[in-house]
Each structure stands twice: as C-alpha cells, then as structure tokens.
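Reproduced below: structure-v1.txt, with compact mmCIF, C-alpha atoms.
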# COMPACT_ATOMS: atom_id res chain seq x y z
CA MET A 1 33.32 -15.51 -8.90
CA SER A 2 34.55 -13.07 -6.26
CA GLU A 3 32.21 -11.75 -3.57
CA SER A 4 32.24 -8.21 -5.02
CA MET A 5 31.26 -9.50 -8.46
CA TRP A 6 28.47 -11.61 -6.94
CA VAL A 7 27.13 -8.59 -5.06
CA ALA A 8 27.19 -6.53 -8.25
CA CYS A 9 25.32 -9.32 -10.06
CA GLN A 10 22.74 -9.47 -7.25
CA LEU A 11 22.10 -5.73 -7.48
CA THR A 12 21.92 -5.75 -11.30
CA LEU A 13 19.69 -8.82 -11.51
CA GLY A 14 17.53 -7.52 -8.67
CA LEU A 15 16.90 -4.20 -10.36
CA ALA A 16 16.25 -5.88 -13.73
CA CYS A 17 13.74 -8.31 -12.20
CA LEU A 18 11.98 -5.52 -10.33
CA VAL A 19 11.55 -3.37 -13.42
CA GLY A 20 10.56 -6.30 -15.64
CA GLY A 21 8.23 -7.76 -13.01
CA GLY A 22 6.52 -4.41 -12.41
CA GLU A 23 5.97 -3.93 -16.15
CA LEU A 24 4.50 -7.44 -16.59
CA LEU A 25 2.26 -7.10 -13.52
CA VAL A 26 0.81 -3.73 -14.55
CA ARG A 27 0.35 -4.77 -18.19
CA GLY A 28 -1.38 -8.02 -17.22
CA ALA A 29 -3.55 -6.38 -14.57
CA VAL A 30 -4.83 -3.68 -16.94
CA ALA A 31 -5.67 -6.28 -19.58
CA ILE A 32 -7.48 -8.49 -17.03
CA ALA A 33 -9.57 -5.48 -16.02
CA ALA A 34 -10.55 -4.97 -19.66
CA THR A 35 -11.34 -8.65 -20.24
CA LEU A 36 -13.50 -9.03 -17.11
CA ARG A 37 -15.13 -5.60 -17.53
CA ILE A 38 -13.81 -4.53 -14.12
CA SER A 39 -12.29 -1.11 -13.54
CA PRO A 40 -8.47 -0.87 -13.23
CA LEU A 41 -9.03 0.63 -9.77
CA VAL A 42 -10.69 -2.55 -8.49
CA ILE A 43 -7.93 -4.68 -10.04
CA GLY A 44 -5.39 -2.45 -8.29
CA LEU A 45 -7.27 -2.77 -5.00
CA THR A 46 -7.50 -6.56 -5.23
CA VAL A 47 -5.33 -8.59 -7.63
CA VAL A 48 -2.32 -6.26 -7.72
CA ALA A 49 -2.51 -5.21 -4.06
CA PHE A 50 -2.93 -8.74 -2.74
CA GLY A 51 -0.24 -10.12 -5.01
CA THR A 52 2.37 -7.56 -3.98
CA SER A 53 1.45 -8.08 -0.30
CA ALA A 54 1.88 -11.85 -0.51
CA PRO A 55 5.42 -11.69 1.04
CA GLU A 56 3.99 -10.05 4.18
CA LEU A 57 1.35 -12.79 4.43
CA GLY A 58 3.95 -15.54 4.02
CA VAL A 59 6.27 -14.03 6.65
CA SER A 60 3.43 -13.54 9.16
CA LEU A 61 1.93 -17.03 8.72
CA GLN A 62 5.37 -18.63 9.02
CA ALA A 63 5.98 -16.64 12.20
CA ALA A 64 2.61 -17.76 13.60
CA MET A 65 3.39 -21.41 12.90
CA SER A 66 6.72 -21.08 14.71
CA GLY A 67 5.15 -19.45 17.75
CA ASN A 68 6.16 -15.85 16.95
CA ALA A 69 2.81 -14.49 15.80
CA ASP A 70 3.53 -11.07 17.32
CA VAL A 71 5.99 -10.50 14.45
CA ALA A 72 2.93 -9.99 12.23
CA VAL A 73 1.99 -6.76 13.99
CA GLY A 74 5.33 -5.06 13.34
CA ASN A 75 5.32 -6.42 9.80
CA VAL A 76 1.85 -5.01 9.05
CA VAL A 77 2.25 -1.67 10.82
CA GLY A 78 5.63 -0.97 9.22
CA SER A 79 4.42 -1.98 5.76
CA ASN A 80 1.31 0.20 5.96
CA ILE A 81 3.34 3.26 6.96
CA ILE A 82 5.84 2.63 4.15
CA ASN A 83 3.07 2.03 1.60
CA VAL A 84 1.54 5.47 2.06
CA LEU A 85 4.47 7.69 2.94
CA PHE A 86 7.23 6.15 0.82
CA ILE A 87 5.42 4.55 -2.12
CA LEU A 88 2.76 7.21 -2.77
CA GLY A 89 5.36 9.89 -2.09
CA ALA A 90 7.81 8.47 -4.66
CA ALA A 91 5.12 7.72 -7.26
CA SER A 92 3.50 11.17 -7.05
CA ILE A 93 6.87 12.91 -7.42
CA ILE A 94 7.32 11.10 -10.75
CA THR A 95 3.90 12.32 -11.90
CA PRO A 96 0.98 13.81 -9.93
CA LEU A 97 -1.50 11.01 -9.17
CA VAL A 98 -5.17 11.46 -10.03
CA VAL A 99 -7.32 9.89 -7.31
CA SER A 100 -10.58 8.16 -8.19
CA SER A 101 -13.69 9.48 -6.47
CA GLN A 102 -14.45 5.89 -5.37
CA LEU A 103 -11.24 5.88 -3.33
CA VAL A 104 -12.34 9.05 -1.53
CA ARG A 105 -15.93 7.90 -0.99
CA LEU A 106 -15.37 4.24 -0.11
CA ASP A 107 -11.91 2.69 -0.07
CA VAL A 108 -9.92 5.19 1.97
CA PRO A 109 -12.68 5.45 4.63
CA VAL A 110 -12.67 1.62 4.80
CA MET A 111 -8.87 1.70 5.25
CA ILE A 112 -9.21 4.26 8.05
CA VAL A 113 -11.96 2.28 9.80
CA SER A 114 -9.90 -0.93 9.45
CA SER A 115 -6.85 0.80 10.97
CA ILE A 116 -8.86 2.15 13.92
CA THR A 117 -10.54 -1.25 14.41
CA VAL A 118 -7.17 -3.02 14.60
CA TRP A 119 -5.97 -0.38 17.09
CA PHE A 120 -9.08 -0.97 19.23
CA MET A 121 -8.67 -4.77 19.04
CA ALA A 122 -4.99 -4.51 19.98
CA SER A 123 -5.58 -2.12 22.89
CA ASP A 124 -5.86 -5.02 25.38
CA GLY A 125 -2.47 -6.40 24.30
CA SER A 126 -3.60 -9.04 21.79
CA ILE A 127 -5.78 -9.81 18.78
CA SER A 128 -7.78 -12.98 19.47
CA ARG A 129 -8.76 -15.74 17.03
CA GLY A 130 -12.36 -14.48 16.99
CA GLU A 131 -11.21 -10.96 16.16
CA GLY A 132 -8.96 -12.41 13.45
CA LEU A 133 -11.93 -14.19 11.87
CA LEU A 134 -13.91 -10.94 11.97
CA LEU A 135 -11.12 -9.10 10.18
CA PHE A 136 -10.77 -11.75 7.48
CA GLY A 137 -14.54 -11.98 6.98
CA SER A 138 -14.65 -8.20 6.50
CA LEU A 139 -12.09 -8.51 3.70
CA ILE A 140 -14.19 -11.12 1.86
CA ALA A 141 -17.28 -8.92 2.14
CA TYR A 142 -15.35 -5.88 0.90
CA ILE A 143 -13.90 -7.70 -2.15
CA THR A 144 -17.29 -9.13 -3.10
CA TYR A 145 -18.92 -5.71 -2.88
CA CYS A 146 -16.18 -4.00 -4.95
CA ILE A 147 -16.30 -6.56 -7.79
CA ARG A 148 -20.11 -6.60 -8.01
CA LYS A 149 -20.28 -2.81 -7.91
CA SER A 150 -17.63 -2.40 -10.61
CA ARG A 151 -19.18 -4.92 -12.99
CA SER A 152 -22.63 -3.41 -12.52
CA GLU A 153 -21.33 0.11 -13.24
CA ASN A 154 -19.40 -1.02 -16.30
CA ARG A 155 -22.45 -2.82 -17.77
CA ASN A 156 -24.40 0.42 -17.42
CA ALA A 157 -21.66 2.49 -19.02
CA LYS A 158 -20.33 0.41 -21.94
CA PRO A 159 -19.41 3.37 -24.21
CA GLU A 160 -17.33 4.99 -21.47
CA PHE A 161 -15.71 1.67 -20.59
CA ALA A 162 -14.80 1.06 -24.23
CA GLU A 163 -13.09 4.46 -24.34
CA ASP A 164 -10.92 3.44 -21.39
CA PHE A 165 -9.71 0.34 -23.26
CA PRO A 166 -9.75 1.24 -26.98
CA HIS A 167 -6.77 -0.92 -27.87
CA ARG A 168 -6.68 -4.67 -27.17
CA PRO A 169 -3.62 -6.07 -29.04
CA GLU A 170 -4.10 -9.59 -27.74
CA LEU A 171 -7.56 -9.75 -29.36
CA GLU A 172 -6.19 -8.30 -32.58
CA LYS A 173 -3.80 -11.26 -32.70
CA GLY A 174 -6.76 -13.63 -32.88
CA LEU A 175 -6.80 -14.77 -29.25
CA SER A 176 -10.13 -15.70 -27.71
CA THR A 177 -11.31 -14.00 -24.53
CA GLN A 178 -10.39 -17.09 -22.50
CA GLN A 179 -6.93 -17.32 -24.09
CA SER A 180 -6.40 -13.61 -23.53
CA LEU A 181 -7.38 -13.96 -19.86
CA LEU A 182 -5.00 -16.91 -19.35
CA LEU A 183 -2.16 -15.02 -21.05
CA ASN A 184 -2.63 -11.98 -18.85
CA VAL A 185 -2.94 -14.08 -15.69
CA ALA A 186 0.42 -15.58 -16.70
CA PHE A 187 1.79 -12.03 -17.04
CA VAL A 188 0.56 -11.20 -13.53
CA VAL A 189 1.98 -14.39 -11.99
CA GLY A 190 5.28 -13.95 -13.84
CA GLY A 191 5.45 -10.33 -12.74
CA LEU A 192 4.89 -11.29 -9.10
CA VAL A 193 7.60 -13.98 -9.28
CA LEU A 194 10.08 -11.52 -10.80
CA LEU A 195 9.22 -8.91 -8.15
CA GLY A 196 9.82 -11.44 -5.39
CA LEU A 197 13.17 -12.54 -6.83
CA GLY A 198 14.21 -8.98 -7.56
CA SER A 199 13.49 -7.71 -4.05
CA LYS A 200 15.28 -10.73 -2.52
CA TRP A 201 18.43 -10.24 -4.62
CA LEU A 202 18.47 -6.46 -4.20
CA VAL A 203 18.07 -6.68 -0.42
CA GLY A 204 20.75 -9.39 -0.28
CA GLY A 205 23.24 -7.29 -2.22
CA ALA A 206 22.47 -4.10 -0.27
CA THR A 207 22.76 -5.95 3.06
CA THR A 208 26.18 -7.35 2.08
CA ILE A 209 27.43 -3.86 1.17
CA ALA A 210 26.01 -2.32 4.37
CA THR A 211 27.64 -5.02 6.50
CA ALA A 212 30.98 -4.49 4.77
CA LEU A 213 30.71 -0.76 5.54
CA GLY A 214 30.17 -1.51 9.23
CA VAL A 215 26.45 -0.71 9.44
CA SER A 216 24.80 -2.53 12.37
CA GLN A 217 22.35 -5.38 11.84
CA LEU A 218 19.69 -3.37 13.69
CA VAL A 219 19.88 -0.45 11.29
CA ILE A 220 19.99 -2.82 8.31
CA GLY A 221 16.83 -4.53 9.52
CA LEU A 222 14.96 -1.29 10.18
CA THR A 223 15.91 0.30 6.86
CA ILE A 224 17.11 -1.96 4.02
CA VAL A 225 15.06 -5.03 4.97
CA ALA A 226 11.96 -2.99 5.87
CA ILE A 227 11.98 -1.20 2.53
CA GLY A 228 12.97 -4.42 0.74
CA THR A 229 9.79 -6.24 1.77
CA SER A 230 7.80 -3.35 0.28
CA LEU A 231 9.78 -3.21 -2.98
CA PRO A 232 7.06 -5.07 -4.97
CA GLU A 233 4.54 -2.36 -4.03
CA VAL A 234 7.11 0.39 -4.65
CA VAL A 235 8.02 -0.76 -8.15
CA THR A 236 4.46 -1.65 -9.14
CA SER A 237 3.11 1.78 -8.16
CA ILE A 238 6.00 3.63 -9.80
CA VAL A 239 5.68 1.62 -13.04
CA ALA A 240 1.90 2.10 -13.03
CA SER A 241 2.38 5.84 -12.44
CA TYR A 242 4.91 6.08 -15.30
CA ARG A 243 2.57 4.18 -17.67
CA GLY A 244 -0.34 6.46 -16.80
CA GLU A 245 -2.26 3.73 -14.93
CA ARG A 246 -2.76 5.95 -11.89
CA ASP A 247 -5.78 4.04 -10.58
CA ILE A 248 -3.54 1.00 -10.19
CA ALA A 249 -0.74 3.09 -8.62
CA VAL A 250 -3.00 4.46 -5.87
CA GLY A 251 -5.29 1.43 -5.62
CA ASN A 252 -2.28 -0.82 -5.07
CA VAL A 253 -1.31 1.13 -1.94
CA VAL A 254 -4.80 1.40 -0.44
CA GLY A 255 -5.58 -2.23 -1.27
CA SER A 256 -2.26 -3.46 0.16
CA ASN A 257 -2.95 -1.66 3.43
CA MET A 258 -6.40 -3.22 3.75
CA PHE A 259 -5.01 -6.64 2.80
CA ASN A 260 -2.32 -6.31 5.49
CA LEU A 261 -4.85 -5.35 8.16
CA LEU A 262 -7.72 -7.66 7.29
CA CYS A 263 -5.99 -10.68 5.74
CA VAL A 264 -2.42 -10.79 7.08
CA LEU A 265 -3.40 -9.93 10.67
CA GLY A 266 -6.76 -11.70 10.38
CA LEU A 267 -5.37 -15.02 9.14
CA THR A 268 -2.34 -14.88 11.45
CA ALA A 269 -4.58 -14.36 14.50
CA THR A 270 -6.89 -17.15 13.28
CA VAL A 271 -4.21 -19.82 12.78
CA SER A 272 -2.29 -18.90 15.94
CA PRO A 273 -3.72 -20.74 18.98
CA ALA A 274 -3.13 -17.78 21.29
CA GLY A 275 -3.95 -15.10 18.76
CA VAL A 276 -1.48 -12.29 18.10
CA ASN A 277 0.28 -10.53 20.97
CA VAL A 278 0.80 -6.78 20.56
CA ALA A 279 3.70 -4.98 22.24
CA SER A 280 2.84 -2.01 24.43
CA SER A 281 5.19 0.21 22.40
CA ALA A 282 3.21 -0.58 19.27
CA ILE A 283 -0.09 0.27 21.00
CA GLN A 284 1.28 3.53 22.36
CA PHE A 285 3.07 4.83 19.28
CA ASP A 286 3.47 2.74 16.09
CA ILE A 287 -0.19 1.79 15.58
CA PRO A 288 -1.37 5.38 16.26
CA VAL A 289 1.15 6.54 13.63
CA MET A 290 -0.31 3.98 11.20
CA VAL A 291 -3.82 5.31 11.93
CA ALA A 292 -2.60 8.91 11.48
CA VAL A 293 -1.03 8.04 8.13
CA ALA A 294 -4.32 6.49 6.97
CA VAL A 295 -6.30 9.54 8.12
CA ILE A 296 -3.92 11.93 6.32
CA CYS A 297 -4.76 10.20 3.03
CA LEU A 298 -8.36 11.42 3.07
CA PRO A 299 -7.77 15.21 3.06
CA VAL A 300 -4.83 14.86 0.63
CA PHE A 301 -6.91 12.75 -1.77
CA MET A 302 -9.95 15.03 -1.45
CA ASP A 303 -7.97 18.18 -2.30
CA GLY A 304 -8.76 18.26 -6.01
CA ASN A 305 -8.70 14.45 -6.26
CA ILE A 306 -4.98 14.59 -6.97
CA ILE A 307 -1.74 13.91 -5.10
CA ARG A 308 0.59 16.73 -6.12
CA ARG A 309 4.36 16.56 -6.25
CA TRP A 310 4.80 18.75 -3.17
CA GLU A 311 2.42 16.48 -1.23
CA GLY A 312 4.48 13.50 -2.37
CA ALA A 313 7.62 15.25 -1.13
CA LEU A 314 5.86 15.89 2.19
CA PHE A 315 5.02 12.17 2.46
CA LEU A 316 8.68 11.29 1.88
CA LEU A 317 9.75 13.81 4.52
CA TYR A 318 7.30 12.23 6.99
CA TYR A 319 8.71 8.79 6.17
CA ALA A 320 12.34 9.90 6.60
CA THR A 321 11.45 11.45 9.96
CA TYR A 322 9.60 8.33 11.13
CA ASN A 323 12.43 6.05 9.97
CA ALA A 324 15.03 8.15 11.78
CA PHE A 325 12.86 8.04 14.90
CA VAL A 326 12.54 4.24 14.69
CA VAL A 327 16.32 3.83 14.40
CA PHE A 328 16.87 6.18 17.35
CA THR A 329 14.29 4.59 19.67
CA ALA A 330 15.54 1.09 18.85
CA LYS A 331 18.66 2.00 20.84
CA ASN A 332 16.89 4.36 23.27
CA PRO A 333 13.41 2.97 24.02
CA LEU A 334 10.75 5.51 25.00
CA SER A 335 8.97 5.29 28.31
CA PRO A 336 5.12 5.29 28.11
CA PRO A 337 4.85 8.93 29.30
CA ARG A 338 7.32 10.11 26.66
CA ALA A 339 5.54 8.10 23.95
CA SER A 340 2.23 9.70 24.93
CA LEU A 341 3.84 13.15 24.91
CA LEU A 342 5.30 12.56 21.46
CA LEU A 343 1.95 11.28 20.21
CA THR A 344 0.15 14.36 21.55
CA TRP A 345 2.53 17.04 20.29
CA VAL A 346 3.91 15.52 17.09
CA VAL A 347 1.71 12.81 15.55
CA VAL A 348 -1.64 14.48 16.26
CA PRO A 349 -0.62 17.90 14.82
CA LEU A 350 0.87 16.28 11.71
CA THR A 351 -2.50 14.59 11.19
CA VAL A 352 -4.75 17.52 12.02
CA VAL A 353 -2.95 20.19 9.96
CA PRO A 354 -3.53 18.53 6.54
CA VAL A 355 -7.21 18.01 7.48
CA ILE A 356 -7.65 21.70 8.35
CA VAL A 357 -5.81 22.83 5.19
CA SER A 358 -8.02 20.57 3.07
CA ILE A 359 -11.24 21.88 4.65
CA VAL A 360 -10.19 25.53 4.22
CA THR A 361 -9.11 24.94 0.61
CA ARG A 362 -12.37 23.22 -0.31
CA ARG A 363 -14.44 26.03 1.27
CA LYS A 364 -12.50 28.66 -0.67
CA LYS A 365 -13.09 26.76 -3.91
CA ARG A 366 -16.83 26.51 -3.21
CA ARG A 367 -17.04 30.24 -2.45
CA SER A 368 -15.16 31.14 -5.64
CA LYS A 369 -17.54 28.94 -7.66
CA LYS A 370 -20.58 30.60 -6.10
CA THR A 371 -19.29 34.12 -6.76
CA SER A 372 -18.38 33.27 -10.35
I need this file expressed as structure tokens, please.
Amino acid sequence: MSESMWVACQLTLGLACLVGGGELLVRGAVAIAATLRISPLVIGLTVVAFGTSAPELGVSLQAAMSGNADVAVGNVVGSNIINVLFILGAASIITPLVVSSQLVRLDVPVMIVSSITVWFMASDGSISRGEGLLLFGSLIAYITYCIRKSRSENRNAKPEFAEDFPHRPELEKGLSTQQSLLLNVAFVVGGLVLLGLGSKWLVGGATTIATALGVSQLVIGLTIVAIGTSLPEVVTSIVASYRGERDIAVGNVVGSNMFNLLCVLGLTATVSPAGVNVASSAIQFDIPVMVAVAVICLPVFMDGNIIRRWEGALFLLYYATYNAFVVFTAKNPLSPPRASLLLTWVVVPLTVVPVIVSIVTRRKKRRSKKTS
C-alpha cells in the first residue's frame, strides 16, 4: 500500500471511529443515567467528561514519571481553553445549547474557583505535592456531592424523571437492570476506545499531510496535535448536541475542565517528587487566559440559560485569535512587560464585556417583567 493510500485510510478510519465512538458513548451514558436514576448532566460531568479526558491524564502521568511533569501544565491549560472556545462554540453552532440551572448555580462557579485556585498555586512557579493532593481531594468531594444530590432529587421527582426517559429499549428486550447496566457500560468503554483510536489515526494522517506540504513541526504541534488530543471531547459534545442530549454536551466540557484541573494536575503533582513546575510565560498569560475563558462561561450561560449560535461563533473567533497568537509567540516570545500589557488591554476587556452585557440584559428582562 502506497503512503498516500495509507494516509487516506487513516483519515477515513479515524473519522469513522470518531463518529461511531461518539454515538456509542452518548447512547451508553444516557442509558446509564436512566438505569442509576442519575441525571444526564451528572453523567456528562463525571463518566463522559472523565472518560474523554483520559488521554490528557495518561500523557501528564507519563510525563511526570519521565521527569517532565511541567508538560502537564501546558496540556491542561491548552485543553481547557480548547474545551470551552472550540468545543462549545462548534456544538452550539450546530444547535443552540440549553444550559441546566445546576451548571449556572454550582458547576461553572466550581470550575471558575478551581481555575483561580490553580493560578494561585502556580504563582510561585510550581504546584507542590501537598497542593496536588488538595486538588485531587476536592475532585472526590465534588463527585460525591453531585451523585448524592442527583439521586436524592430524582427519588423526590420520579414522575418528572420518568418523563425524561420514557423509552428504554434494552428493558423491552427482556434484559434485567444489571444486564442493561453492563451492556451500556460496554457501550461507554467501546465508545472511548473508538474515540482514542479515531483521534490517533486522524492526527497521524493530518500530520503526514501537513509535513508533506512543508508545515513546520512547531505549527503542527500547536494546531493539529493540540486539537487532536481534544477530539474525543469535540466529537462527544457535537454528537450529544445533534442527538438532543444537551446536558451531556455542556456537562462534558465543564466536567472535562474540572477533571483536568483537579485530577490531571492534582495526580501529576502528587506522583512527581518535585511537584509540577510552571513556566513564567504560563503564569503571566496562558493561565490568566484559561481563567478568563472559565469566567466568560458564567454570563453566557446565565443569559437565558442558553448558548446561542452567535455566542458559539464568538467562542470560535476567540479560539482562532488565541491559536494565532500562540503560533506567533512561539517564534517571537513575549517579554513579561508585553505579556502584562496584552493581559490588561486584551484579555481583561474580552472577559469583562460579556459580563457587563449579561448584567444589562438580565436587568432589562426583569424590568420588562415588572412592567408587564
């Protein structure tokens, strides 16, 4: 088989595995939620989010074992920015995403606090083993709280819960609850395996084509590979959005970000003898951008509890701008004063403007309700 044919096969198989894996993962996750009487949002925040973020955990732990634990920081920061700007942007353009009130009240604030906490921990140039344990312990506490809360609410609202899951084909086929659960766990595991294989083959094929066209390894790493490691989240959220499982589409992104911060960074710092070193450039610019992206989610989600298509397009524009900036500064590193200037006059306004617009919009809606 010639190289061109092999590349074409890689791209075709990669896309097929991604689509098939996303479909299996979403289908299995929704059914597990129904079987365990847990809301799809919680499944999206935990099972789906953690499963699709497993590649980031594997890369970071492997780097820690080989003495390159600082790789985890770039891995986490880049993934969290891509998750919100690229994945939510693409998914909401396909169909506007309805945002659960729980995300606005609890999960997004937790994501913002986690992002700020990591920034504070990293401000001295490293995240220690003790800080890593604190991050990981926070994740365990958060998961426990979410599952208990969801099961308690669903027990108290059985009629409403039944309406959410009126059709259970696996039970109609005569499967017991345990058999149904095992079948859907197999769907989830199979979906995750296919997503991993699909992203690997697709990135491999795209990298070969880019190299043949003369694109530098640096640009390939910052674009194709960076997006490739987030392909499981991309496809899962888009498939969930297309199937109408919008809680999973949004919950996957928010949950993945918290998993990256609390588990990937937490475990990496814990297993690494010296903790995780953080580059000064990340402290001065990339981590603040990650925090800004997390903060932007709150006003966007609160504005009618929906992510509209134009907001999705705005997210994609933000991501394209950030990606172009990363490629540029990789060849022309910023000095600390310039990074601070850029942070003050670009990142901060881009964060503050959506907050102000959201506050003004909500006040106008309240006034119109009062007058009517």
Nearest residue to A:Asn184 out of A:Leu103, A:Ala324, A:Leu36, A:Ala206, using only C-alpha atoms?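 Among A:Leu103, A:Ala324, A:Leu36, A:Ala206, it is A:Leu36 that comes nearest to A:Asn184.
Reported to one decimal place, the separation of atom CA of A:Ala279 from atom CA of A:Ser126 is 8.4 Å.
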Produce a table with one row for each residue of stretch 254-292 of chain A that has an atom at most 12 Å from any atom of stretch 50-55 of chain A, each row naming the nearest atom pair and its distance in Å at one decimal; use only C-alpha atoms; arrange rows by chain and rising residue number; format as CSV.
residue,atom,partner,partner_atom,distance
A:Val254,CA,A:Phe50,CA,10.6
A:Gly255,CA,A:Phe50,CA,7.2
A:Ser256,CA,A:Ser53,CA,5.9
A:Asn257,CA,A:Ser53,CA,8.6
A:Met258,CA,A:Phe50,CA,9.2
A:Phe259,CA,A:Phe50,CA,6.3
A:Asn260,CA,A:Ser53,CA,7.1
A:Leu261,CA,A:Ser53,CA,10.9
A:Leu262,CA,A:Phe50,CA,11.2
A:Cys263,CA,A:Phe50,CA,9.2
A:Val264,CA,A:Ser53,CA,8.8
Could you list, as a compact mmCIF listing (two decimals) with C-alpha atoms, keeping the file's coordinate frame, every residue within 9 Å of A:Ser241, counting only C-alpha atoms and ignoring same-chain residues fewer than 3 positions away?
# COMPACT_ATOMS: atom_id res chain seq x y z
CA ALA A 91 5.12 7.72 -7.26
CA SER A 92 3.50 11.17 -7.05
CA ILE A 94 7.32 11.10 -10.75
CA THR A 95 3.90 12.32 -11.90
CA PRO A 96 0.98 13.81 -9.93
CA LEU A 97 -1.50 11.01 -9.17
CA THR A 236 4.46 -1.65 -9.14
CA SER A 237 3.11 1.78 -8.16
CA ILE A 238 6.00 3.63 -9.80
CA GLY A 244 -0.34 6.46 -16.80
CA GLU A 245 -2.26 3.73 -14.93
CA ARG A 246 -2.76 5.95 -11.89
CA ASP A 247 -5.78 4.04 -10.58
CA ILE A 248 -3.54 1.00 -10.19
CA ALA A 249 -0.74 3.09 -8.62
CA VAL A 250 -3.00 4.46 -5.87
Shortest contact to A:Phe301, candidates A:Asn252, A:Ser100, A:Ser138, A:Thr329, atoms counted all atoms listed in the file, goes to A:Ser100
With distances taken over all atoms listed in the file, the candidate from A:Leu314, A:Val73, A:Leu298, A:Leu57 nearest A:Val108 is A:Leu298
